[in-house]
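**Q** After the structure tokens below, expect a handful of questions from me.
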2 protein chains.
Amino acid sequence: MDSRSTAALERLRRAGGRVTPQRRIVIEALSTAGPHPSADDVAARVADVAPEVHLSTVYRTLNTLAELGVVTHVHLDHGRSVYHFVGANGAHLVCRSCGVVAHLPADTFHSVSRKVAEATGFALGHGHFAWSGSCPDCAPADS
Amino acid sequence: MDSRSTAALERLRRAGGRVTPQRRIVIEALSTAGPHPSADDVAARVADVAPEVHLSTVYRTLNTLAELGVVTHVHLDHGRSVYHFVGANGAHLVCRSCGVVAHLPADTFHSVSRKVAEATGFALGHGHFAWSGSCPDCAPADS
DNA sequence: TCTACTATTGCGACCAGGTCGCACGACCGT
DNA sequence: ACGGTCGTGCGACCTGGTCGCAATAGTAGA
């Protein structure tokens with residue numbers, strides 16, 4: 001159980017939530033499932049160690065953690081979305097060809113964000129959506 | 001029937017596709033349904049003038065047009081996606097609070113894109129995903 | 001430690017948005 | 001005008017996720 005997991009549980013407890021075995025399992029799964037697990041990567045991992053934990057419990061836990069600001073999810077493509085602990089700022093980039101997900105460093109994100117704000121007044125948030133494009137290993141992006 | 005619509009039909013014909021009344025109706029609906037109609041805005045508009053046109057026909061037409069490069073769709077949020085004719089370059093911005101959709105001007109997009117490429121090697125595409133944030137009329141974005 | 005309160009769970013039904021396979025009908029090149 | 005074949009309508013189906021309910025089980029307080 002790493003520090004992000006214990007922090008998550010702590011946050012949960014402080015918010016008046018209950019620390020249940022299921023929640024421990026979901027959090028544990030989230031922290032060991034690689035950097036960008038989708039909802040059902042997490043669910044699958046949970047099912048591995050505790051098949052009796054219901055799918056809807058996984059979703060509910062993920063939602064609860066999202067409400068507490070502990071985790072966040074990013075929509076990738078039609079129907080896919082990945083979860084991860086809130087931490088490093090910066091946006092997500094997803095490759096349209098191979099599906100790989102990368103982080104945009106916070107400083108680059110901020111300068112980009114400033115530019116966009118100047119042009120449009122929009123304040124970019126770094127969560128919720130990945131920016132799509134092509135990773136260095138795939139062909140240049142089309143439209 | 002505006003020029004984008006006739007161009008779309010022309011493209012369709014050139015690709016060996018057939019110009020059917022249903023497709024005309026879908027294209028017409030798309031061109032008159034405002035700048036960022038969702039799939040079912042389009043469907044609703046189609047149903048208004050021709051209730052016998054089936055929902056799946058609307059989707060299929062939209063997909064066909066997307067394959068031909070005539071229209072494109074942008075994912076906004078959980079389950080929402082909007083269609084529009086391919087035209088002005090630049091990305092889409094969507095406000096997390098009020099849902100309004102704005103265009104990022106092409107020149108800003110290009111400079112942003114260059115920055116991102118320098119930092120990560122990723123070539124951003126301007127389609128398929130909106131960038132989320134807060135519009136000038138709403139509060140600043142959270143994380 | 002025991003109790004009671006209430007958050008959480010498991011379950012299955014349900015929902016939204018979209019896709020598919022099939023048989024029929026209609027474009028459109030010739 | 002003909003006919004091959006693309007497109008359509010239809011309904012079943014799929015994915016990813018949510019909901020309401022009764023039962024269970026954390027947790028605070030005595």
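Residue names in the structure tokens use chain letters A, B, ... in the order shown, residue numbers from 1 in each chain, and ligand numbers from 1 in the order shown.
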Write out as a compact mmCIF listing (two decimals) with C-alpha atoms, in the first residue's frame every residue belonging to chain B that has an atom at most 12 Å from any atom of chain C, counting only C-alpha atoms (C1' of nucleotides).
**A**
```txt
# COMPACT_ATOMS: atom_id res chain seq x y z
CA ARG B 13 -21.19 11.39 -55.40
CA GLY B 16 -19.18 6.55 -55.64
CA GLY B 17 -21.81 7.08 -53.00
CA ARG B 18 -25.46 7.60 -53.67
CA VAL B 19 -27.34 10.75 -53.10
CA THR B 20 -30.51 9.71 -51.41
CA PRO B 21 -33.28 11.87 -49.98
CA GLN B 22 -32.29 10.74 -46.50
CA SER B 38 -24.87 16.86 -31.25
CA ALA B 39 -25.80 13.65 -32.98
CA ASP B 40 -29.26 13.83 -31.63
CA LEU B 55 -32.05 6.98 -36.31
CA SER B 56 -29.49 4.49 -37.50
CA THR B 57 -29.59 6.07 -40.94
CA VAL B 58 -28.67 9.37 -39.37
CA TYR B 59 -25.71 7.80 -37.62
CA ARG B 60 -24.64 5.94 -40.69
CA ASN B 63 -20.20 8.24 -40.19
CA HIS B 78 -19.45 11.88 -21.03
CA GLY B 79 -21.50 10.70 -23.97
CA ARG B 80 -21.86 14.00 -25.75
CA SER B 81 -20.30 14.55 -29.08
```
**Q** Write out as a PyMOL selection string every residue belonging to chain D that has an atom at most 9 Å from any atom of chain A, counting only C-alpha atoms (C1' of nucleotides).
**A** chain D and resi 15-18+25-27
**Q** What is the CA of Arg96 (chain A) to CA of Val86 (chain B) distance in Å?
**A**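 These two atoms are separated by 18.1 Å.
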**Q** What does chain A look like after a least-squares fit onto chain B on every Cα paired in order, written as an mmCIF file with C-alpha atoms, in the first residue's frame?
**A**
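Result saved to out_28.cif:
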```
data_model
loop_
_atom_site.group_PDB
_atom_site.id
_atom_site.type_symbol
_atom_site.label_atom_id
_atom_site.label_comp_id
_atom_site.auth_asym_id
_atom_site.auth_seq_id
_atom_site.Cartn_x
_atom_site.Cartn_y
_atom_site.Cartn_z
ATOM 1 C CA MET A 1 -29.176 24.354 -49.397
ATOM 2 C CA ASP A 2 -25.918 26.149 -48.806
ATOM 3 C CA SER A 3 -22.557 25.599 -50.411
ATOM 4 C CA ARG A 4 -21.274 23.281 -47.717
ATOM 5 C CA SER A 5 -24.251 21.041 -48.262
ATOM 6 C CA THR A 6 -23.856 20.892 -52.008
ATOM 7 C CA ALA A 7 -20.141 20.324 -51.603
ATOM 8 C CA ALA A 8 -20.885 17.459 -49.266
ATOM 9 C CA LEU A 9 -23.278 15.886 -51.747
ATOM 10 C CA GLU A 10 -20.768 16.358 -54.518
ATOM 11 C CA ARG A 11 -18.089 14.683 -52.469
ATOM 12 C CA LEU A 12 -20.433 11.838 -51.750
ATOM 13 C CA ARG A 13 -21.205 11.377 -55.411
ATOM 14 C CA ARG A 14 -17.564 11.492 -56.407
ATOM 15 C CA ALA A 15 -16.762 8.787 -53.915
ATOM 16 C CA GLY A 16 -19.231 6.509 -55.653
ATOM 17 C CA GLY A 17 -21.853 7.024 -53.007
ATOM 18 C CA ARG A 18 -25.491 7.605 -53.691
ATOM 19 C CA VAL A 19 -27.350 10.773 -53.094
ATOM 20 C CA THR A 20 -30.524 9.733 -51.379
ATOM 21 C CA PRO A 21 -33.268 11.915 -49.964
ATOM 22 C CA GLN A 22 -32.303 10.772 -46.495
ATOM 23 C CA ARG A 23 -28.758 11.908 -46.973
ATOM 24 C CA ARG A 24 -29.874 15.244 -48.288
ATOM 25 C CA ILE A 25 -32.025 15.654 -45.241
ATOM 26 C CA VAL A 26 -29.259 14.759 -42.833
ATOM 27 C CA ILE A 27 -26.830 17.114 -44.510
ATOM 28 C CA GLU A 28 -29.379 19.869 -44.592
ATOM 29 C CA ALA A 29 -30.105 19.324 -40.921
ATOM 30 C CA LEU A 30 -26.422 19.452 -40.140
ATOM 31 C CA SER A 31 -25.950 22.703 -41.960
ATOM 32 C CA THR A 32 -28.889 24.466 -40.355
ATOM 33 C CA ALA A 33 -28.631 23.096 -36.836
ATOM 34 C CA GLY A 34 -26.233 25.647 -35.456
ATOM 35 C CA PRO A 35 -22.474 25.448 -35.198
ATOM 36 C CA HIS A 36 -22.146 22.467 -32.902
ATOM 37 C CA PRO A 37 -25.080 20.114 -33.109
ATOM 38 C CA SER A 38 -24.838 16.833 -31.269
ATOM 39 C CA ALA A 39 -25.770 13.638 -33.000
ATOM 40 C CA ASP A 40 -29.210 13.828 -31.655
ATOM 41 C CA ASP A 41 -29.704 17.491 -32.323
ATOM 42 C CA VAL A 42 -29.207 16.430 -35.898
ATOM 43 C CA ALA A 43 -31.456 13.441 -35.453
ATOM 44 C CA ALA A 44 -34.164 15.588 -33.902
ATOM 45 C CA ARG A 45 -33.987 18.061 -36.732
ATOM 46 C CA VAL A 46 -34.194 15.262 -39.228
ATOM 47 C CA ALA A 47 -37.152 13.787 -37.419
ATOM 48 C CA ASP A 48 -38.874 17.170 -37.600
ATOM 49 C CA VAL A 49 -38.944 17.240 -41.335
ATOM 50 C CA ALA A 50 -38.931 13.535 -42.041
ATOM 51 C CA PRO A 51 -39.918 11.324 -39.125
ATOM 52 C CA GLU A 52 -39.632 8.223 -41.259
ATOM 53 C CA VAL A 53 -35.873 8.564 -41.492
ATOM 54 C CA HIS A 54 -34.473 6.078 -39.059
ATOM 55 C CA LEU A 55 -32.056 6.993 -36.316
ATOM 56 C CA SER A 56 -29.514 4.494 -37.522
ATOM 57 C CA THR A 57 -29.617 6.094 -40.950
ATOM 58 C CA VAL A 58 -28.659 9.376 -39.381
ATOM 59 C CA TYR A 59 -25.727 7.784 -37.617
ATOM 60 C CA ARG A 60 -24.666 5.932 -40.720
ATOM 61 C CA THR A 61 -24.808 9.041 -42.820
ATOM 62 C CA LEU A 62 -22.830 10.971 -40.287
ATOM 63 C CA ASN A 63 -20.227 8.209 -40.227
ATOM 64 C CA THR A 64 -20.057 8.049 -43.968
ATOM 65 C CA LEU A 65 -19.538 11.780 -44.203
ATOM 66 C CA ALA A 66 -16.882 11.563 -41.537
ATOM 67 C CA GLU A 67 -15.055 8.894 -43.517
ATOM 68 C CA LEU A 68 -15.128 11.105 -46.549
ATOM 69 C CA GLY A 69 -13.645 13.907 -44.539
ATOM 70 C CA VAL A 70 -16.667 16.127 -45.025
ATOM 71 C CA VAL A 71 -17.681 16.337 -41.413
ATOM 72 C CA THR A 72 -15.946 15.569 -38.170
ATOM 73 C CA HIS A 73 -17.083 15.022 -34.654
ATOM 74 C CA VAL A 74 -15.678 16.209 -31.398
ATOM 75 C CA HIS A 75 -16.188 14.480 -28.091
ATOM 76 C CA LEU A 76 -17.228 16.885 -25.405
ATOM 77 C CA ASP A 77 -18.053 15.131 -22.251
ATOM 78 C CA HIS A 78 -19.319 11.857 -21.040
ATOM 79 C CA GLY A 79 -21.417 10.685 -23.950
ATOM 80 C CA ARG A 80 -21.817 13.981 -25.726
ATOM 81 C CA SER A 81 -20.263 14.550 -29.089
ATOM 82 C CA VAL A 82 -20.934 17.206 -31.669
ATOM 83 C CA TYR A 83 -20.635 17.177 -35.424
ATOM 84 C CA HIS A 84 -19.724 19.904 -37.818
ATOM 85 C CA PHE A 85 -18.442 20.382 -41.314
ATOM 86 C CA VAL A 86 -14.714 20.229 -41.717
ATOM 87 C CA GLY A 87 -13.598 23.768 -42.292
ATOM 88 C CA ALA A 88 -11.903 26.258 -40.103
ATOM 89 C CA ASN A 89 -8.941 24.657 -38.425
ATOM 90 C CA GLY A 90 -8.233 25.121 -34.795
ATOM 91 C CA ALA A 91 -9.372 23.172 -31.786
ATOM 92 C CA HIS A 92 -12.615 23.243 -29.839
ATOM 93 C CA LEU A 93 -12.953 24.486 -26.341
ATOM 94 C CA VAL A 94 -15.809 23.442 -24.156
ATOM 95 C CA CYS A 95 -16.813 25.114 -20.936
ATOM 96 C CA ARG A 96 -17.072 22.703 -18.064
ATOM 97 C CA SER A 97 -19.699 24.785 -16.341
ATOM 98 C CA CYS A 98 -22.091 25.990 -18.969
ATOM 99 C CA GLY A 99 -21.248 23.644 -21.806
ATOM 100 C CA VAL A 100 -20.689 26.346 -24.374
ATOM 101 C CA VAL A 101 -18.391 25.411 -27.226
ATOM 102 C CA ALA A 102 -15.870 27.815 -28.706
ATOM 103 C CA HIS A 103 -13.280 27.651 -31.430
ATOM 104 C CA LEU A 104 -9.620 28.171 -30.837
ATOM 105 C CA PRO A 105 -8.304 30.222 -33.761
ATOM 106 C CA ALA A 106 -6.033 28.349 -36.109
ATOM 107 C CA ASP A 107 -2.993 30.523 -35.491
ATOM 108 C CA THR A 108 -3.206 30.094 -31.745
ATOM 109 C CA PHE A 109 -3.740 26.417 -32.249
ATOM 110 C CA HIS A 110 -0.643 26.165 -34.376
ATOM 111 C CA SER A 111 1.580 27.935 -31.941
ATOM 112 C CA VAL A 112 0.245 25.795 -29.139
ATOM 113 C CA SER A 113 0.729 22.728 -31.204
ATOM 114 C CA ARG A 114 4.342 23.663 -31.898
ATOM 115 C CA LYS A 115 5.016 24.110 -28.214
ATOM 116 C CA VAL A 116 3.545 20.743 -27.392
ATOM 117 C CA ALA A 117 5.564 19.102 -30.134
ATOM 118 C CA GLU A 118 8.764 20.608 -28.780
ATOM 119 C CA ALA A 119 8.028 19.390 -25.294
ATOM 120 C CA THR A 120 6.774 15.904 -26.041
ATOM 121 C CA GLY A 121 7.108 15.018 -29.710
ATOM 122 C CA PHE A 122 3.364 14.733 -29.964
ATOM 123 C CA ALA A 123 1.717 16.219 -33.020
ATOM 124 C CA LEU A 124 -1.646 17.546 -31.908
ATOM 125 C CA GLY A 125 -4.613 16.980 -34.132
ATOM 126 C CA HIS A 126 -7.334 19.536 -33.886
ATOM 127 C CA GLY A 127 -10.196 17.170 -34.268
ATOM 128 C CA HIS A 128 -11.891 14.580 -32.152
ATOM 129 C CA PHE A 129 -11.477 16.182 -28.783
ATOM 130 C CA ALA A 130 -12.485 19.379 -27.197
ATOM 131 C CA TRP A 131 -10.283 20.943 -24.593
ATOM 132 C CA SER A 132 -12.149 21.565 -21.443
ATOM 133 C CA GLY A 133 -11.928 24.630 -19.304
ATOM 134 C CA SER A 134 -14.054 27.535 -18.231
ATOM 135 C CA CYS A 135 -15.409 30.157 -20.517
ATOM 136 C CA PRO A 136 -15.027 33.844 -19.677
ATOM 137 C CA ASP A 137 -18.569 33.949 -18.332
ATOM 138 C CA CYS A 138 -18.053 31.193 -15.789
ATOM 139 C CA ALA A 139 -15.748 30.871 -12.819
ATOM 140 C CA PRO A 140 -12.098 30.011 -13.382
ATOM 141 C CA ALA A 141 -11.390 26.342 -13.957
ATOM 142 C CA ASP A 142 -10.733 24.104 -11.031
ATOM 143 C CA SER A 143 -8.292 21.269 -11.482
#
```
**Q** Mind the document's chain letters and residue numbers, and return as an MDAnalysis selection string the residues of region 8-140 of chain A that DSSP labels helix (DSSP H, G or I).
**A** chainID A and resid 8:14 21:32 39:49 55:67 106:120
**Q** May I have all residues of chain A that DSSP, computed from the backbone, assigns to strand (DSSP E or B), given as a VMD selection string?
**A** chain A and resid 38 71 to 77 80 to 85 92 to 95 101 to 103 123 to 124 128 to 134
